[in-house]
There are 2 protein chains.
Amino acid sequence: MPSKPPAITMDAVYAAPGYLFRRMQQIAVAIFVEECRAFDLTPVQYAALVAIHTHPGIDATRLSAVIAFDRSTLGNVILRLESKALIERKPSSEDKRVKLLHLTRSGAAVLRDIMPSVDRAQARMLQPLKPADRKALLALLTQLVDLNNEASRVPLRAEDALEHLGRSG
Amino acid sequence: MPSKPPAITMDAVYAAPGYLFRRMQQIAVAIFVEECRAFDLTPVQYAALVAIHTHPGIDATRLSAVIAFDRSTLGNVILRLESKALIERKPSSEDKRVKLLHLTRSGAAVLRDIMPSVDRAQARMLQPLKPADRKALLALLTQLVDLNNEASRVPLRAEDALEHLGRSG
DNA sequence: GCCATATCGTAAGTATACTGTCAATCGAGG
DNA sequence: CCTCGATTGACAGTATACTTACGATATGGC
């Protein structure tokens with residue numbers, strides 16, 4: 001006799017990895033925004049600032065690879081950071097297509113000052129778990145993200161992978 | 001002497017839970033969309049369909065609590081599902097503010113047919129891990145999402161919590 | 001029956017996140 | 001030198017995801 005299809009229940013949704021990842025991401029953003037409210041920076045904007053700080057004179061395309069965010073999305077992020085005067089865009093003298101990104105003095109100050117709030121936010125996300133479980137979850141997640149890198153629409157290409165493409169900025 | 005502040009590096013970003021949650025969510029969505037391309041359904045739209053299937057005649061506000069999605073966001077999701085003729089909205093005879101949600105015949109068929117693709121997508125997300133690690137990650141994540149429920153902007157209020165509010169649909 | 005309060009759907013505004021496409025520009029081969 | 005293919009930034013379009021607000025409606029206290 002034919003096996004009957006499994007019942008469609010919410011429990012199946014609640015237990016699905018994709019659903020849990022989504023919920024956790026929403027929680028993480030909520031916590032980040034709450035802790036960093038005073039700085040008016042979103043998680044993505046913060047990551048972009050760090051990357052520009054680490055790679056002064058990087059261009060938008062490379063920045064998108066370094067933080068694994070979509071290039072089009074990043075365009076708007078850069079626009080907002082620029083309108084808040086946290087970064088500057090200067091045309092490259094070597095390649096007229098490229099606009100090089102640098103932190104402004106104000107951007108560097110914000111980045112320096114926001115660090116404690118960011119650390120507090122990151123800690124709060126894992127707070128409910130026992131310390132050993134936090135380590136275990138982080139290790140598994142790091143592993144999984146790395147192994148799934150190519151499944152992402154915008155795979156991470158860390159600094160190393162970009163060096164051979166480097167143009168002097 | 002004063003301790004100097006830790007260097008600001010991308011490695012700190014890459015290791016931050018918030019960054020990993022975001023990356024994993026992006027990967028999960030990419031895999032879901034790829035596996036379910038034939039059905040033209042996003043993860044959120046799928047979750048909404050399941051919830052409406054499980055709770056025929058639910059209203060938008062309650063639906064948002066059952067799947068823990070923002071009410072305003074859900075408004076647009078419902079609009080798209082309706083324009084694809086997967087669900088119907090009917091005014092309640094008891095409360096003129098409320099519009100009750102039901103699957104159409106077509107919506108029920110899509111939900112039935114998409115299940116294998118959804119299962120494949122969910123499996124693919126964890127595929128790179130060893131089976132024991134998959135279980136461990138899911139368990140930790142389930143625990144963390146549950147314990148952080150109230151930190152979310154839209155905490156999950158599962159079916160049970162809604163029953164005492166129930167109005168006959 | 002009236003009024004303060006709450007709820008429902010909806011909308012405007014902001015911010016990711018992705019798909020395409022396009023013009024300008026660059027680099028390489030012939 | 002010139003054309004071809006690739007790259008860069010920009011834009012339009014779709015879909016979450018959240019905030020605040022507002023009108024219509026319900027409800028509880030009186």
# chains A, B, ... in the order shown; residues from 1 in each chain; ligands from 1

call {"tool": "select_by_dssp", "arguments": {"residues": "chain B", "states": "strand (DSSP E)", "output": "list in words"}}
result
Ile58, Asp59, Ile87, Glu88, Arg89, Lys90, Pro91, Lys99, Leu100, Leu101, His102 and Leu103 of chain B

call {"tool": "interface_residues", "arguments": {"of": "chain C", "to": "chain B", "cutoff": "9 Å", "atoms": "only C-alpha atoms (C1' of nucleotides)", "output": "list of chain:residue names"}}
result
C:DT7, C:DC8, C:DG9, C:DT10, C:DA17

call {"tool": "interface_residues", "arguments": {"of": "chain B", "to": "chain D", "cutoff": "12 Å", "atoms": "only C-alpha atoms (C1' of nucleotides)", "output": "list in words"}}
result
Gln26, Val29, Leu41, Thr42, Pro43, Val44, Gln45, Ala68, Phe69, Asp70, Arg71, Ser72, Thr73, Leu74, Gly75, Asn76, Val77, Leu79, Arg80, Glu94, Asp95, Lys96, Arg97, Val98, Ser152, Arg153 and Val154 of chain B

call {"tool": "closest_atom_pairs", "arguments": {"of": "chain B", "to": "chain A", "cutoff": "6 Å", "atoms": "only C-alpha atoms", "output": "JSON lines"}}
result
{"residue": "B:Gly18", "atom": "CA", "partner": "A:Ala28", "partner_atom": "CA", "distance": 5.6}
{"residue": "B:Phe21", "atom": "CA", "partner": "A:Gln25", "partner_atom": "CA", "distance": 5.3}
{"residue": "B:Arg22", "atom": "CA", "partner": "A:Gln25", "partner_atom": "CA", "distance": 5.7}
{"residue": "B:Met24", "atom": "CA", "partner": "A:Val145", "partner_atom": "CA", "distance": 5.8}
{"residue": "B:Gln25", "atom": "CA", "partner": "A:Phe21", "partner_atom": "CA", "distance": 5.4}
{"residue": "B:Ile27", "atom": "CA", "partner": "A:Ser152", "partner_atom": "CA", "distance": 4.6}
{"residue": "B:Ala28", "atom": "CA", "partner": "A:Gly18", "partner_atom": "CA", "distance": 5.6}
{"residue": "B:Val145", "atom": "CA", "partner": "A:Met24", "partner_atom": "CA", "distance": 5.8}
{"residue": "B:Ser152", "atom": "CA", "partner": "A:Ile27", "partner_atom": "CA", "distance": 4.6}

call {"tool": "atom_distance", "arguments": {"atom1": "atom CA of A:Ile78", "atom2": "atom C1' of C:DA12"}}
result
23.5 Å

call {"tool": "atom_distance", "arguments": {"atom1": "atom C1' of C:DG13", "atom2": "atom CA of B:Leu100"}}
result
27.7 Å

call {"tool": "decode", "arguments": {"residues": "chain D", "atoms": "N, CA, C and O atoms (P, O5', C5', C4', C3', O3' and C1' of nucleotides)", "output": "short mmCIF file (atom, residue, chain, number, x, y, z; two decimals), in the first residue's frame"}}
result
data_model
loop_
_atom_site.label_atom_id
_atom_site.label_comp_id
_atom_site.auth_asym_id
_atom_site.auth_seq_id
_atom_site.Cartn_x
_atom_site.Cartn_y
_atom_site.Cartn_z
P DC D 1 48.12 54.67 -32.38
"O5'" DC D 1 46.91 54.86 -33.38
"C5'" DC D 1 47.00 54.15 -34.63
"C4'" DC D 1 46.02 52.98 -34.69
"C3'" DC D 1 44.69 53.19 -33.94
"O3'" DC D 1 43.68 52.66 -34.77
"C1'" DC D 1 45.63 51.17 -33.28
P DC D 2 42.23 53.23 -34.82
"O5'" DC D 2 41.47 51.96 -35.42
"C5'" DC D 2 42.19 50.73 -35.53
"C4'" DC D 2 41.32 49.58 -35.04
"C3'" DC D 2 40.02 50.02 -34.36
"O3'" DC D 2 39.05 49.02 -34.58
"C1'" DC D 2 41.33 48.88 -32.80
P DT D 3 37.47 49.34 -34.61
"O5'" DT D 3 36.82 47.91 -34.38
"C5'" DT D 3 37.46 46.74 -34.90
"C4'" DT D 3 37.54 45.67 -33.83
"C3'" DT D 3 36.24 45.47 -33.03
"O3'" DT D 3 36.03 44.07 -32.89
"C1'" DT D 3 38.03 45.76 -31.56
P DC D 4 34.58 43.45 -32.65
"O5'" DC D 4 34.80 42.37 -31.50
"C5'" DC D 4 36.00 41.58 -31.49
"C4'" DC D 4 36.27 41.11 -30.07
"C3'" DC D 4 35.01 40.88 -29.23
"O3'" DC D 4 35.12 39.62 -28.58
"C1'" DC D 4 36.48 42.36 -28.11
P DG D 5 33.86 38.87 -27.95
"O5'" DG D 5 34.29 38.74 -26.42
"C5'" DG D 5 35.59 38.28 -26.10
"C4'" DG D 5 35.98 38.76 -24.72
"C3'" DG D 5 34.88 38.56 -23.67
"O3'" DG D 5 35.48 38.04 -22.50
"C1'" DG D 5 35.58 40.81 -23.68
P DA D 6 34.57 37.50 -21.28
"O5'" DA D 6 35.11 38.40 -20.08
"C5'" DA D 6 36.51 38.55 -19.90
"C4'" DA D 6 36.76 39.74 -19.00
"C3'" DA D 6 35.89 39.77 -17.75
"O3'" DA D 6 36.72 39.95 -16.61
"C1'" DA D 6 35.75 41.84 -18.91
P DT D 7 36.08 39.89 -15.15
"O5'" DT D 7 36.09 41.42 -14.74
"C5'" DT D 7 37.24 42.20 -15.03
"C4'" DT D 7 36.98 43.65 -14.66
"C3'" DT D 7 36.19 43.86 -13.36
"O3'" DT D 7 36.84 44.87 -12.61
"C1'" DT D 7 35.19 45.05 -15.13
P DT D 8 36.50 45.15 -11.11
"O5'" DT D 8 35.67 46.50 -11.21
"C5'" DT D 8 36.30 47.70 -11.62
"C4'" DT D 8 35.27 48.81 -11.66
"C3'" DT D 8 34.35 48.85 -10.44
"O3'" DT D 8 34.61 50.02 -9.70
"C1'" DT D 8 33.14 49.04 -12.51
P DG D 9 33.85 50.23 -8.27
"O5'" DG D 9 32.59 51.08 -8.71
"C5'" DG D 9 32.79 52.32 -9.35
"C4'" DG D 9 31.49 52.81 -9.97
"C3'" DG D 9 30.34 53.05 -8.97
"O3'" DG D 9 29.78 54.31 -9.24
"C1'" DG D 9 29.63 51.66 -10.73
P DA D 10 28.63 54.90 -8.33
"O5'" DA D 10 27.33 54.65 -9.22
"C5'" DA D 10 27.17 55.38 -10.43
"C4'" DA D 10 25.94 54.86 -11.14
"C3'" DA D 10 24.67 54.96 -10.30
"O3'" DA D 10 23.78 55.86 -10.92
"C1'" DA D 10 24.88 52.84 -11.41
P DC D 11 22.49 56.35 -10.15
"O5'" DC D 11 21.32 55.45 -10.75
"C5'" DC D 11 21.22 55.30 -12.15
"C4'" DC D 11 20.35 54.10 -12.46
"C3'" DC D 11 19.06 54.04 -11.63
"O3'" DC D 11 17.96 54.27 -12.48
"C1'" DC D 11 20.10 51.91 -11.88
P DA D 12 16.51 54.51 -11.83
"O5'" DA D 12 15.75 53.16 -12.19
"C5'" DA D 12 15.88 52.62 -13.51
"C4'" DA D 12 15.22 51.25 -13.56
"C3'" DA D 12 13.93 51.13 -12.74
"O3'" DA D 12 13.00 50.35 -13.48
"C1'" DA D 12 15.48 49.51 -12.03
P DG D 13 11.47 50.21 -12.96
"O5'" DG D 13 11.42 48.76 -12.30
"C5'" DG D 13 11.73 47.63 -13.10
"C4'" DG D 13 11.82 46.41 -12.20
"C3'" DG D 13 10.71 46.31 -11.15
"O3'" DG D 13 10.03 45.07 -11.31
"C1'" DG D 13 12.84 45.92 -10.19
P DT D 14 8.67 44.79 -10.41
"O5'" DT D 14 9.20 43.78 -9.28
"C5'" DT D 14 9.69 42.51 -9.66
"C4'" DT D 14 10.31 41.82 -8.48
"C3'" DT D 14 9.36 41.62 -7.29
"O3'" DT D 14 9.30 40.24 -7.00
"C1'" DT D 14 11.47 42.47 -6.60
P DA D 15 8.16 39.66 -5.99
"O5'" DA D 15 8.93 39.62 -4.59
"C5'" DA D 15 10.00 38.73 -4.42
"C4'" DA D 15 10.63 38.95 -3.06
"C3'" DA D 15 9.63 39.10 -1.91
"O3'" DA D 15 9.96 38.16 -0.91
"C1'" DA D 15 11.28 40.76 -1.80
P DT D 16 8.84 37.73 0.23
"O5'" DT D 16 9.15 38.83 1.32
"C5'" DT D 16 9.54 38.58 2.59
"C4'" DT D 16 11.04 38.67 2.79
"C3'" DT D 16 11.34 38.91 4.25
"O3'" DT D 16 12.55 38.27 4.59
"C1'" DT D 16 12.12 40.74 2.99
P DA D 17 12.72 38.01 6.23
"O5'" DA D 17 12.58 39.44 6.92
"C5'" DA D 17 13.71 40.07 7.46
"C4'" DA D 17 13.33 41.44 7.99
"C3'" DA D 17 12.19 41.49 9.00
"O3'" DA D 17 12.77 41.64 10.28
"C1'" DA D 17 12.26 43.38 7.56
P DC D 18 11.80 41.69 11.59
"O5'" DC D 18 11.60 43.26 11.88
"C5'" DC D 18 12.72 44.02 12.24
"C4'" DC D 18 12.46 45.50 11.98
"C3'" DC D 18 11.29 46.11 12.75
"O3'" DC D 18 11.77 46.68 13.96
"C1'" DC D 18 11.51 46.97 10.52
P DT D 19 10.70 47.39 14.98
"O5'" DT D 19 10.49 48.85 14.36
"C5'" DT D 19 11.62 49.70 14.15
"C4'" DT D 19 11.12 51.09 13.79
"C3'" DT D 19 9.99 51.57 14.68
"O3'" DT D 19 10.38 52.78 15.35
"C1'" DT D 19 9.39 51.76 12.37
P DT D 20 9.42 53.35 16.53
"O5'" DT D 20 8.36 54.20 15.70
"C5'" DT D 20 8.80 55.28 14.88
"C4'" DT D 20 7.65 55.78 14.03
"C3'" DT D 20 6.41 56.19 14.83
"O3'" DT D 20 6.18 57.58 14.64
"C1'" DT D 20 5.84 54.87 12.91
P DA D 21 4.97 58.29 15.41
"O5'" DA D 21 3.77 58.17 14.38
"C5'" DA D 21 3.96 58.61 13.04
"C4'" DA D 21 2.73 58.27 12.22
"C3'" DA D 21 1.40 58.59 12.91
"O3'" DA D 21 0.60 59.36 12.06
"C1'" DA D 21 1.40 56.39 12.04
P DC D 22 -0.59 60.25 12.62
"O5'" DC D 22 -1.77 59.99 11.59
"C5'" DC D 22 -1.51 59.32 10.37
"C4'" DC D 22 -2.71 58.47 10.00
"C3'" DC D 22 -3.96 58.77 10.83
"O3'" DC D 22 -5.07 58.91 9.98
"C1'" DC D 22 -3.49 56.47 10.85
P DG D 23 -6.40 59.65 10.53
"O5'" DG D 23 -7.54 58.72 9.93
"C5'" DG D 23 -7.46 58.30 8.57
"C4'" DG D 23 -8.27 57.02 8.39
"C3'" DG D 23 -9.67 57.08 9.00
"O3'" DG D 23 -10.56 56.42 8.11
"C1'" DG D 23 -8.46 55.30 9.98
P DA D 24 -12.11 56.43 8.39
"O5'" DA D 24 -12.41 54.94 8.88
"C5'" DA D 24 -12.18 53.88 7.97
"C4'" DA D 24 -12.37 52.57 8.71
"C3'" DA D 24 -13.72 52.46 9.44
"O3'" DA D 24 -14.35 51.26 9.03
"C1'" DA D 24 -11.90 51.94 10.90
P DT D 25 -15.81 50.92 9.59
"O5'" DT D 25 -15.49 50.04 10.87
"C5'" DT D 25 -14.69 48.89 10.71
"C4'" DT D 25 -14.25 48.38 12.04
"C3'" DT D 25 -15.40 48.00 13.00
"O3'" DT D 25 -15.34 46.60 13.17
"C1'" DT D 25 -13.61 49.10 14.11
P DA D 26 -16.59 45.81 13.76
"O5'" DA D 26 -16.06 45.26 15.13
"C5'" DA D 26 -15.02 45.94 15.76
"C4'" DA D 26 -14.42 45.18 16.89
"C3'" DA D 26 -15.40 44.67 17.94
"O3'" DA D 26 -14.78 43.58 18.63
"C1'" DA D 26 -14.21 46.57 18.75
P DT D 27 -15.62 42.76 19.74
"O5'" DT D 27 -15.13 43.43 21.11
"C5'" DT D 27 -13.75 43.65 21.32
"C4'" DT D 27 -13.54 44.30 22.68
"C3'" DT D 27 -14.60 43.96 23.73
"O3'" DT D 27 -13.94 43.73 24.96
"C1'" DT D 27 -14.40 46.29 23.54
P DG D 28 -14.69 42.97 26.15
"O5'" DG D 28 -14.15 43.75 27.43
"C5'" DG D 28 -12.88 44.37 27.42
"C4'" DG D 28 -12.85 45.54 28.40
"C3'" DG D 28 -13.69 45.34 29.66
"O3'" DG D 28 -12.97 45.86 30.76
"C1'" DG D 28 -14.50 47.22 28.46
P DG D 29 -13.58 45.84 32.23
"O5'" DG D 29 -13.93 47.38 32.48
"C5'" DG D 29 -12.91 48.37 32.29
"C4'" DG D 29 -13.43 49.73 32.68
"C3'" DG D 29 -14.24 49.77 33.99
"O3'" DG D 29 -13.97 51.00 34.66
"C1'" DG D 29 -15.63 50.46 32.17
P DC D 30 -14.55 51.24 36.11
"O5'" DC D 30 -15.83 52.16 35.84
"C5'" DC D 30 -15.65 53.44 35.20
"C4'" DC D 30 -17.00 53.97 34.76
"C3'" DC D 30 -18.12 53.88 35.81
"O3'" DC D 30 -18.23 55.10 36.52
"C1'" DC D 30 -18.88 53.45 33.56
#
